[in-house]
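Peer 1: Mind looking over this structure? Questions follow.
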2 protein chains.
Amino acid sequence: MGTEGMDEASNMKVVLKHYITGSAQETDMLLTAGTMKLKAPKDSNAVVLKNLFLSCDPDMIFKMTGHKREHCDPYTLGSPLTGYGVGKVLDSANPEFAVDDLVWGITGWEEYSLISDTKYLMKIQRTDVPLSYYTGILGMPGMTAYVGFYEHCTPKKGDYVFVSGACGAVGQLLGQFAKLHGCHVVGCAGNPDTVDLLKKKFGFDDAFNYRQEPDYDATLKKYCSEGIDVYFDIVGGKMLDAVLLNLRPHGRVVMCGMISQYHLEHPDGILNLPSMVTKEAQIQGYLSVNYYHLYPKFLEIILPLIKESKVAYVEDVADGLETAPKVLVGIINGLNIGKKVVAVDHH
Amino acid sequence: MGTEGMDEASNMKVVLKHYITGSAQETDMLLTAGTMKLKAPKDSNAVVLKNLFLSCDPDMIFKMTGHKREHCDPYTLGSPLTGYGVGKVLDSANPEFAVDDLVWGITGWEEYSLISDTKYLMKIQRTDVPLSYYTGILGMPGMTAYVGFYEHCTPKKGDYVFVSGACGAVGQLLGQFAKLHGCHVVGCAGNPDTVDLLKKKFGFDDAFNYRQEPDYDATLKKYCSEGIDVYFDIVGGKMLDAVLLNLRPHGRVVMCGMISQYHLEHPDGILNLPSMVTKEAQIQGYLSVNYYHLYPKFLEIILPLIKESKVAYVEDVADGLETAPKVLVGIINGLNIGKKVVAVDHH
């Protein structure tokens, strides 16, 4: 159904019913129909978006817990979830955005969104790649991998690199950057198919399914037998603790998130920091939204790599907003094969 | 009683009776008399030392637990404890050391020591300062403060610096380096007299007694109300966890040890690492023995500062080897006022 020229449209949303404790369930969210005016208020800087693709990201689970954290406010009950997405501008009161512009950035889990604060919207200039890529390899996850590897990992050729959450949008790209840099790369993921993908599609030297490993320390001693120079940490918790025991001298841990901890009421205590003294090891946290100024530079590097098939990218696209609650819950359980995206409308 | 020319001398030692669990007690050690040949074996690289001063250092407690850790083997039961000390060479089979040389480095908790591995012995060139200083401000603790502050803290004028274990040999010097650098410095220590010393003698901007603070997070919010740019961490554990919540953006934690954890069978789990992501914070461990090459440069800096009274140094010297077990246990309980040293012989 076309929407152009319509003043008001029906608008399906995914809203949070209640704050979660324990694991997120599909039933914690509700699909609900509303209506929306497709006009941006004249005296605002707002734009109205038709949402095309929505990204499923682990920190969304954290926002469902109702716990506050810097830069990460909980979702508002009864309102649509928010997250990264790709959309098309239907109306704009903002001189920086015109009707029919394609954008990526923070939007709502609904068919149409009124975006009042456009600070986190980026205009899409290149459309000779799938638009959904702007939720992943060409969006914030791609930037997270780029900034993490090149700004923080201080990689050297021959370094032993270990990546957790390796089949997500960040991990798969980071591992490939490390391979292009001449590092030895091992990854872990949450199911046998993704472990296969890491080795066969993304060129990791080795990979394992952490769900089948009862003793992470022993596992790392097997898969990373030379020790670890660089650990790119997406999960935190027990895997981080085991890595600390397996770092090589001057080993670095670069931390962009802690997926394994977001849904826990009592996070895992990290016991092995003392080993950082004797190893002269480093842990560095970073937040990729602070590096937006590097986005043009990143695109210059990543677009040719995609075009020349020097990096692979695997998405797992679910069709329809109505699938969104189920697929979001699935990423925490490691069910996605590659970056999980919900196609609201294929444009 | 003079020893020169004697082939064999009686030799009082402090030996470990059994590996400890829980807190160290005076009764875990035994004073025992032996004899010792005061000649270095001709076909060795050994030296025979008359020990003058012995340093009481927190990591000695860890070696009493019997737990292994890299670069830190447990003590051998029935043998003298080892640690940093100052001694005089009585005999030498090593061309680098001559009779009557004064040295500092790793020696035994006994009157005389045969040092077979002289790798960790440094010749003392300057004797216009108290010899005991080479167990502290002019020895490994001084180097630890120097390397920690100038090689790892990346300090800037105006930075908010917090130091734990602030009245020990490392902490008192690090805090003074930070003040000389134009930082705002807060320290914590384990008794009211040392807190006084921090403020009145070492020029810290503020200080508190951590034993009187039930909620470290609240305490830090009070004493470090602007947040913390640099935390120099000697203690680890719960204080580190609270600091992580109080770091400023791009805050750094520099870690040279974890005094609070050495005697614990189950170390404290660190819960607040996730906050490092949003703050883009860093933790860096280091081991000062890896920086021996900087020792001459350090002496060039520290000796004038001592001579010109630009840094203060407070020692707490106990007299006689027989006091050693008691004073070693005391440092873990925060009973020392300044760097704790045992004078075996005043030379």
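Residues are named by chain letter and number: chains run A, B, ... in the order of the structure tokens, numbers start at 1 in each chain, and ligands are numbered from 1 in the order shown.
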Considering only C-alpha atoms, return as a PyMOL selection string whatever protein or nucleic-acid residues lie within 9 Å of Leu198 in chain B, sequence-local ones (same chain, fewer than 3 positions apart) excluded.
Peer 2: chain B and resi 166-167+172+175+186-189+193-195+201-207
Peer 1: Taking all heavy atoms for each residue, export the selection above as a compact mmCIF listing (two decimals), in the first residue's frame.
Peer 2:
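Written file, out00.txt:
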```txt
# COMPACT_ATOMS: atom_id res chain seq x y z
N ALA B 166 48.26 4.05 50.02
CA ALA B 166 48.98 5.29 49.72
C ALA B 166 50.13 5.57 50.67
O ALA B 166 50.97 6.41 50.39
CB ALA B 166 48.01 6.46 49.71
N CYS B 167 50.18 4.90 51.80
CA CYS B 167 51.25 5.21 52.74
C CYS B 167 52.41 4.22 52.66
O CYS B 167 53.41 4.37 53.35
CB CYS B 167 50.71 5.32 54.16
SG CYS B 167 51.62 6.53 55.11
N GLN B 172 53.23 6.35 48.65
CA GLN B 172 53.61 7.70 49.11
C GLN B 172 54.42 8.42 48.04
O GLN B 172 54.26 9.62 47.82
CB GLN B 172 54.36 7.67 50.46
CG GLN B 172 55.57 6.78 50.53
CD GLN B 172 56.33 6.89 51.88
OE1 GLN B 172 57.22 7.68 52.03
NE2 GLN B 172 55.95 6.07 52.84
N GLY B 175 52.08 9.29 44.90
CA GLY B 175 51.26 10.47 45.19
C GLY B 175 52.06 11.76 45.09
O GLY B 175 51.57 12.76 44.57
N VAL B 186 44.24 12.15 45.85
CA VAL B 186 43.57 11.61 47.04
C VAL B 186 44.14 10.22 47.28
O VAL B 186 44.40 9.47 46.33
CB VAL B 186 42.04 11.55 46.83
CG1 VAL B 186 41.35 10.86 48.01
CG2 VAL B 186 41.47 12.95 46.62
N GLY B 187 44.34 9.90 48.56
CA GLY B 187 44.87 8.57 48.88
C GLY B 187 44.05 7.90 49.96
O GLY B 187 43.32 8.55 50.69
N CYS B 188 44.17 6.58 50.04
CA CYS B 188 43.57 5.90 51.18
C CYS B 188 44.61 5.03 51.85
O CYS B 188 45.55 4.55 51.22
CB CYS B 188 42.32 5.11 50.79
SG CYS B 188 42.62 3.62 49.85
N ALA B 189 44.43 4.86 53.15
CA ALA B 189 45.36 4.04 53.93
C ALA B 189 44.57 3.39 55.05
O ALA B 189 43.35 3.60 55.16
CB ALA B 189 46.48 4.91 54.47
N ASP B 193 46.62 7.49 61.69
CA ASP B 193 47.93 8.16 61.69
C ASP B 193 48.50 8.26 60.28
O ASP B 193 49.10 9.27 59.91
CB ASP B 193 48.92 7.39 62.57
CG ASP B 193 48.52 7.43 64.04
OD1 ASP B 193 47.82 8.39 64.42
OD2 ASP B 193 48.88 6.51 64.78
N THR B 194 48.31 7.22 59.48
CA THR B 194 48.84 7.28 58.12
C THR B 194 48.01 8.23 57.27
O THR B 194 48.56 8.90 56.40
CB THR B 194 48.87 5.88 57.47
OG1 THR B 194 47.58 5.32 57.52
CG2 THR B 194 49.85 4.97 58.16
N VAL B 195 46.72 8.31 57.53
CA VAL B 195 45.88 9.27 56.80
C VAL B 195 46.38 10.69 57.08
O VAL B 195 46.51 11.51 56.17
CB VAL B 195 44.40 9.11 57.20
CG1 VAL B 195 43.56 10.27 56.70
CG2 VAL B 195 43.86 7.78 56.65
N LYS B 201 52.32 15.28 55.60
CA LYS B 201 53.73 15.07 55.24
C LYS B 201 53.91 14.94 53.73
O LYS B 201 54.88 15.45 53.16
CB LYS B 201 54.21 13.79 55.93
CG LYS B 201 55.66 13.43 55.67
CD LYS B 201 56.55 13.92 56.76
CE LYS B 201 58.01 13.59 56.46
NZ LYS B 201 58.90 14.26 57.41
N PHE B 202 52.98 14.23 53.08
CA PHE B 202 53.17 13.93 51.66
C PHE B 202 52.39 14.88 50.74
O PHE B 202 52.49 14.78 49.53
CB PHE B 202 52.81 12.48 51.35
CG PHE B 202 53.64 11.49 52.12
CD1 PHE B 202 53.04 10.50 52.90
CD2 PHE B 202 55.03 11.54 52.07
CE1 PHE B 202 53.82 9.60 53.62
CE2 PHE B 202 55.81 10.64 52.78
CZ PHE B 202 55.21 9.68 53.57
N GLY B 203 51.60 15.77 51.34
CA GLY B 203 50.94 16.81 50.55
C GLY B 203 49.77 16.33 49.70
O GLY B 203 49.38 17.00 48.74
N PHE B 204 49.20 15.17 50.05
CA PHE B 204 47.99 14.74 49.34
C PHE B 204 46.88 15.77 49.59
O PHE B 204 46.80 16.36 50.68
CB PHE B 204 47.52 13.37 49.86
CG PHE B 204 48.29 12.19 49.32
CD1 PHE B 204 49.69 12.16 49.34
CD2 PHE B 204 47.64 11.09 48.79
CE1 PHE B 204 50.41 11.08 48.86
CE2 PHE B 204 48.34 9.99 48.30
CZ PHE B 204 49.73 9.98 48.33
N ASP B 205 46.03 15.98 48.61
CA ASP B 205 44.94 16.94 48.77
C ASP B 205 43.90 16.43 49.75
O ASP B 205 43.26 17.21 50.46
CB ASP B 205 44.29 17.22 47.41
CG ASP B 205 45.27 17.92 46.49
OD1 ASP B 205 45.56 19.10 46.73
OD2 ASP B 205 45.79 17.28 45.55
N ASP B 206 43.71 15.12 49.78
CA ASP B 206 42.80 14.55 50.75
C ASP B 206 43.14 13.07 50.93
O ASP B 206 43.89 12.51 50.12
CB ASP B 206 41.34 14.72 50.32
CG ASP B 206 40.40 14.90 51.51
OD1 ASP B 206 40.79 14.50 52.63
OD2 ASP B 206 39.30 15.41 51.31
N ALA B 207 42.62 12.49 51.99
CA ALA B 207 42.91 11.08 52.27
C ALA B 207 41.85 10.53 53.20
O ALA B 207 41.19 11.29 53.92
CB ALA B 207 44.29 10.95 52.92
```
Peer 1: Residues of chain A within 7 Å of chain B, counting only C-alpha atoms, what are they? List them as a PDB file with N, CA, C and O atoms, in the first residue's frame.
Peer 2:
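out_36.pdb written:
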```
ATOM      1  N   GLU A  70      25.100   4.398  32.030  1.00  0.00           N
ATOM      2  CA  GLU A  70      25.454   5.573  31.231  1.00  0.00           C
ATOM      3  C   GLU A  70      25.246   5.274  29.750  1.00  0.00           C
ATOM      4  O   GLU A  70      25.617   4.207  29.273  1.00  0.00           O
ATOM      5  N   HIS A  71      24.775   6.237  29.008  1.00  0.00           N
ATOM      6  CA  HIS A  71      24.578   6.122  27.553  1.00  0.00           C
ATOM      7  C   HIS A  71      23.596   5.016  27.186  1.00  0.00           C
ATOM      8  O   HIS A  71      23.595   4.554  26.054  1.00  0.00           O
ATOM      9  N   MET A 255      37.407  -4.176  24.554  1.00  0.00           N
ATOM     10  CA  MET A 255      36.065  -4.505  25.024  1.00  0.00           C
ATOM     11  C   MET A 255      35.052  -3.541  24.440  1.00  0.00           C
ATOM     12  O   MET A 255      35.120  -2.336  24.708  1.00  0.00           O
ATOM     13  N   CYS A 256      34.117  -4.041  23.635  1.00  0.00           N
ATOM     14  CA  CYS A 256      33.097  -3.139  23.091  1.00  0.00           C
ATOM     15  C   CYS A 256      31.732  -3.440  23.673  1.00  0.00           C
ATOM     16  O   CYS A 256      30.759  -2.759  23.379  1.00  0.00           O
ATOM     17  N   GLY A 257      31.643  -4.489  24.502  1.00  0.00           N
ATOM     18  CA  GLY A 257      30.357  -4.833  25.074  1.00  0.00           C
ATOM     19  C   GLY A 257      30.484  -6.102  25.881  1.00  0.00           C
ATOM     20  O   GLY A 257      31.561  -6.695  25.952  1.00  0.00           O
ATOM     21  N   MET A 258      29.412  -6.497  26.493  1.00  0.00           N
ATOM     22  CA  MET A 258      29.422  -7.678  27.356  1.00  0.00           C
ATOM     23  C   MET A 258      28.120  -8.441  27.203  1.00  0.00           C
ATOM     24  O   MET A 258      27.344  -8.550  28.156  1.00  0.00           O
ATOM     25  N   PRO A 267      25.808 -10.059  37.609  1.00  0.00           N
ATOM     26  CA  PRO A 267      26.853 -10.370  36.625  1.00  0.00           C
ATOM     27  C   PRO A 267      27.950 -11.257  37.225  1.00  0.00           C
ATOM     28  O   PRO A 267      28.125 -11.309  38.442  1.00  0.00           O
ATOM     29  N   ASP A 268      28.665 -11.952  36.345  1.00  0.00           N
ATOM     30  CA  ASP A 268      29.779 -12.787  36.789  1.00  0.00           C
ATOM     31  C   ASP A 268      30.896 -11.905  37.334  1.00  0.00           C
ATOM     32  O   ASP A 268      31.281 -10.930  36.700  1.00  0.00           O
ATOM     33  N   GLY A 269      31.435 -12.269  38.475  1.00  0.00           N
ATOM     34  CA  GLY A 269      32.613 -11.561  38.999  1.00  0.00           C
ATOM     35  C   GLY A 269      33.856 -12.041  38.265  1.00  0.00           C
ATOM     36  O   GLY A 269      34.018 -13.231  38.019  1.00  0.00           O
ATOM     37  N   ILE A 270      34.705 -11.092  37.899  1.00  0.00           N
ATOM     38  CA  ILE A 270      35.945 -11.428  37.186  1.00  0.00           C
ATOM     39  C   ILE A 270      37.047 -11.626  38.230  1.00  0.00           C
ATOM     40  O   ILE A 270      37.338 -10.734  39.019  1.00  0.00           O
ATOM     41  N   LEU A 271      37.642 -12.814  38.206  1.00  0.00           N
ATOM     42  CA  LEU A 271      38.582 -13.199  39.266  1.00  0.00           C
ATOM     43  C   LEU A 271      40.046 -13.058  38.875  1.00  0.00           C
ATOM     44  O   LEU A 271      40.917 -13.017  39.727  1.00  0.00           O
ATOM     45  N   PRO A 274      44.369 -10.169  38.634  1.00  0.00           N
ATOM     46  CA  PRO A 274      45.754 -10.132  39.135  1.00  0.00           C
ATOM     47  C   PRO A 274      46.781 -10.637  38.117  1.00  0.00           C
ATOM     48  O   PRO A 274      47.923 -10.191  38.117  1.00  0.00           O
ATOM     49  N   MET A 276      47.023  -9.847  35.225  1.00  0.00           N
ATOM     50  CA  MET A 276      47.401  -8.734  34.341  1.00  0.00           C
ATOM     51  C   MET A 276      48.698  -8.065  34.782  1.00  0.00           C
ATOM     52  O   MET A 276      49.374  -7.438  33.977  1.00  0.00           O
ATOM     53  N   VAL A 277      49.006  -8.165  36.066  1.00  0.00           N
ATOM     54  CA  VAL A 277      50.230  -7.525  36.567  1.00  0.00           C
ATOM     55  C   VAL A 277      51.448  -8.231  35.990  1.00  0.00           C
ATOM     56  O   VAL A 277      52.288  -7.612  35.339  1.00  0.00           O
ATOM     57  N   THR A 278      51.528  -9.527  36.179  1.00  0.00           N
ATOM     58  CA  THR A 278      52.718 -10.254  35.716  1.00  0.00           C
ATOM     59  C   THR A 278      52.816 -10.263  34.200  1.00  0.00           C
ATOM     60  O   THR A 278      53.907 -10.312  33.657  1.00  0.00           O
ATOM     61  N   GLU A 280      51.747  -7.804  32.298  1.00  0.00           N
ATOM     62  CA  GLU A 280      51.695  -6.409  31.829  1.00  0.00           C
ATOM     63  C   GLU A 280      50.607  -6.253  30.773  1.00  0.00           C
ATOM     64  O   GLU A 280      50.815  -5.690  29.700  1.00  0.00           O
ATOM     65  N   ALA A 281      49.453  -6.804  31.088  1.00  0.00           N
ATOM     66  CA  ALA A 281      48.341  -6.822  30.137  1.00  0.00           C
ATOM     67  C   ALA A 281      47.501  -5.554  30.252  1.00  0.00           C
ATOM     68  O   ALA A 281      47.613  -4.802  31.220  1.00  0.00           O
ATOM     69  N   GLN A 282      46.678  -5.345  29.260  1.00  0.00           N
ATOM     70  CA  GLN A 282      45.835  -4.149  29.193  1.00  0.00           C
ATOM     71  C   GLN A 282      44.397  -4.525  28.834  1.00  0.00           C
ATOM     72  O   GLN A 282      44.179  -5.398  28.003  1.00  0.00           O
ATOM     73  N   ILE A 283      43.455  -3.861  29.477  1.00  0.00           N
ATOM     74  CA  ILE A 283      42.052  -3.928  29.047  1.00  0.00           C
ATOM     75  C   ILE A 283      41.641  -2.517  28.626  1.00  0.00           C
ATOM     76  O   ILE A 283      41.889  -1.558  29.358  1.00  0.00           O
ATOM     77  N   GLN A 284      41.042  -2.408  27.464  1.00  0.00           N
ATOM     78  CA  GLN A 284      40.603  -1.101  26.973  1.00  0.00           C
ATOM     79  C   GLN A 284      39.142  -1.181  26.549  1.00  0.00           C
ATOM     80  O   GLN A 284      38.788  -2.022  25.712  1.00  0.00           O
ATOM     81  N   GLY A 285      38.310  -0.338  27.127  1.00  0.00           N
ATOM     82  CA  GLY A 285      36.926  -0.252  26.686  1.00  0.00           C
ATOM     83  C   GLY A 285      36.765   0.874  25.683  1.00  0.00           C
ATOM     84  O   GLY A 285      37.534   1.819  25.688  1.00  0.00           O
ATOM     85  N   TYR A 286      35.775   0.760  24.812  1.00  0.00           N
ATOM     86  CA  TYR A 286      35.492   1.886  23.913  1.00  0.00           C
ATOM     87  C   TYR A 286      34.047   1.820  23.454  1.00  0.00           C
ATOM     88  O   TYR A 286      33.393   0.778  23.517  1.00  0.00           O
ATOM     89  N   LEU A 287      33.577   2.966  22.992  1.00  0.00           N
ATOM     90  CA  LEU A 287      32.179   3.124  22.605  1.00  0.00           C
ATOM     91  C   LEU A 287      32.178   3.707  21.204  1.00  0.00           C
ATOM     92  O   LEU A 287      32.607   4.838  20.982  1.00  0.00           O
TER      93      LEU A 287
END
```
Peer 1: Give me the residues near Leu220 in chain A as a PyMOL selection string, where near means some atom within 9 Å (using only C-alpha atoms) and where sequence neighbours in that chain fewer than 4 positions away do not count.
Peer 2: chain A and resi 215-216+224-225+227-228+242-243+246
Peer 1: Filtering to C-alpha atoms, could you give me those residues as a PDB file, in the first residue's frame?
Peer 2:
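Output (result.pdb):
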```pdb
ATOM      1  CA  ASP A 215      35.904 -25.399  30.832  1.00  0.00           C
ATOM      2  CA  TYR A 216      36.801 -22.247  28.881  1.00  0.00           C
ATOM      3  CA  CYS A 224      44.812 -20.806  21.306  1.00  0.00           C
ATOM      4  CA  SER A 225      47.744 -22.964  22.333  1.00  0.00           C
ATOM      5  CA  GLY A 227      48.333 -17.841  24.018  1.00  0.00           C
ATOM      6  CA  ILE A 228      46.444 -14.693  23.066  1.00  0.00           C
ATOM      7  CA  ALA A 242      39.413 -17.458  31.068  1.00  0.00           C
ATOM      8  CA  VAL A 243      41.140 -15.261  28.470  1.00  0.00           C
ATOM      9  CA  ASN A 246      45.717 -17.210  28.562  1.00  0.00           C
TER      10      ASN A 246
END
```
Peer 1: Assign secondary structure with DSSP using the backbone only, and return the residues of range 72-184 of chain B in strand (DSSP E or B) as a PyMOL selection string.
Peer 2: chain B and resi 72+80+82-92+102-108+110+112-115+121-123+160-163+184
Peer 1: Mind the document's chain letters and residue numbers, and return as JSON, numbers by chain the residues of range 238-339 of chain A that DSSP labels alpha helix (DSSP H).
Peer 2: {"A": [238, 239, 240, 241, 242, 243, 244, 259, 260, 261, 262, 275, 276, 277, 278, 279, 295, 296, 297, 298, 299, 300, 301, 302, 303, 304, 305, 306, 307, 324, 325, 326, 327, 328, 329, 330, 331, 332]}
Peer 1: Could you please determine the separation between CA of Asp128 in chain A and CA of Ser309 in chain A in Å, to one decimal place?
Peer 2: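 CA of Ser309 in chain A lies at a distance of 14.2 Å from CA of Asp128 in chain A.
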Peer 1: Could you check how far CA of Gly320 in chain B sits from CA of Val342 in chain B, in Å to one decimal?
Peer 2: 6.5 Å
Peer 1: Extract, using only C-alpha atoms, all DNA, RNA and protein residues at most 7 Å from Leu38 in chain B, discarding same-chain residues fewer than 3 positions from it, and format them as a list in words.
Peer 2: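 Final neighbour list, sorted by chain and number: Asp7, Glu8, Val48 and Asp91 of chain B.
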Peer 1: Quick one: residues within 8 Å of range 130-147 of chain A, only C-alpha atoms, excluding same-chain residues fewer than 3 positions away - as a PyMOL selection string?
Peer 2: chain A and resi 53-55+84-86+104-105+127+150-152+169-171+173-174+177+256+287-289+291+295+298-299+302+313+339+341
Peer 1: Ranking B:Val317, B:Ala93, B:Met122, B:Ile301 by minimum distance to Asn336 in chain B and counting only C-alpha atoms, which one comes first?
Peer 2: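 Looking only at the distances to Asn336 in chain B, the closest residue turns out to be B:Val317.
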Peer 1: Could you tell me how far CA of Gly87 in chain B lies from CA of Val235 in chain B, in Å and to one decimal?
Peer 2: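 Those two atoms sit 29.0 Å apart.
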Peer 1: Excluding His18 in chain A and residues on its chain fewer than 5 positions from it, collect all residues at most 10 Å away from it, counting only C-alpha atoms, and give them as a list in words.
Peer 2: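 That gives Thr27, Asp28, Met29, Leu30, Met64, Thr65, Gly66, Tyr75, Thr76, Leu77 and Gly78 of chain A.
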Peer 1: Would you pick out the contacts of Met60 in chain B at 8 Å or less, using only C-alpha atoms, so that residues sharing its chain but fewer than 4 positions from it are not included, and give the list as a list in words?
Peer 2: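 Neighbouring residues, sequence-local ones excluded: Cys56, Met64, Thr82 and Gly83 of chain B.
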Peer 1: So that I have them on file, write out the residues from the current selection with N, CA, C and O atoms, as a compact mmCIF listing (two decimals), in the first residue's frame.
Peer 2:
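Result file part37.txt:
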```txt
# COMPACT_ATOMS: atom_id res chain seq x y z
N CYS B 56 59.71 -5.39 54.10
CA CYS B 56 58.47 -6.16 54.28
C CYS B 56 57.52 -5.77 53.16
O CYS B 56 57.03 -4.63 53.13
N MET B 64 53.49 -17.06 50.86
CA MET B 64 53.26 -17.91 52.04
C MET B 64 52.03 -18.80 51.87
O MET B 64 51.81 -19.70 52.67
N THR B 82 62.34 -15.05 51.46
CA THR B 82 63.18 -14.18 50.66
C THR B 82 62.42 -12.89 50.36
O THR B 82 61.18 -12.87 50.44
N GLY B 83 63.15 -11.86 50.05
CA GLY B 83 62.53 -10.58 49.73
C GLY B 83 63.63 -9.58 49.42
O GLY B 83 64.81 -9.93 49.37
```
Peer 1: Choose the residue, out of B:Lys68, B:Arg211, B:Arg248, B:His293, that has the smallest atom-to-atom separation from Asn191 in chain B; count only C-alpha atoms.
Peer 2: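 Nearest candidate to Asn191 in chain B out of B:Lys68, B:Arg211, B:Arg248, B:His293: B:Arg211.
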Peer 1: Please determine, counting only C-alpha atoms, which residue among B:Ser113, B:Asp196, B:Lys156, B:Ile106 has the shortest atom-to-atom distance to His184 in chain B.
Peer 2: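 Result for the nearest residue to His184 in chain B: B:Lys156.
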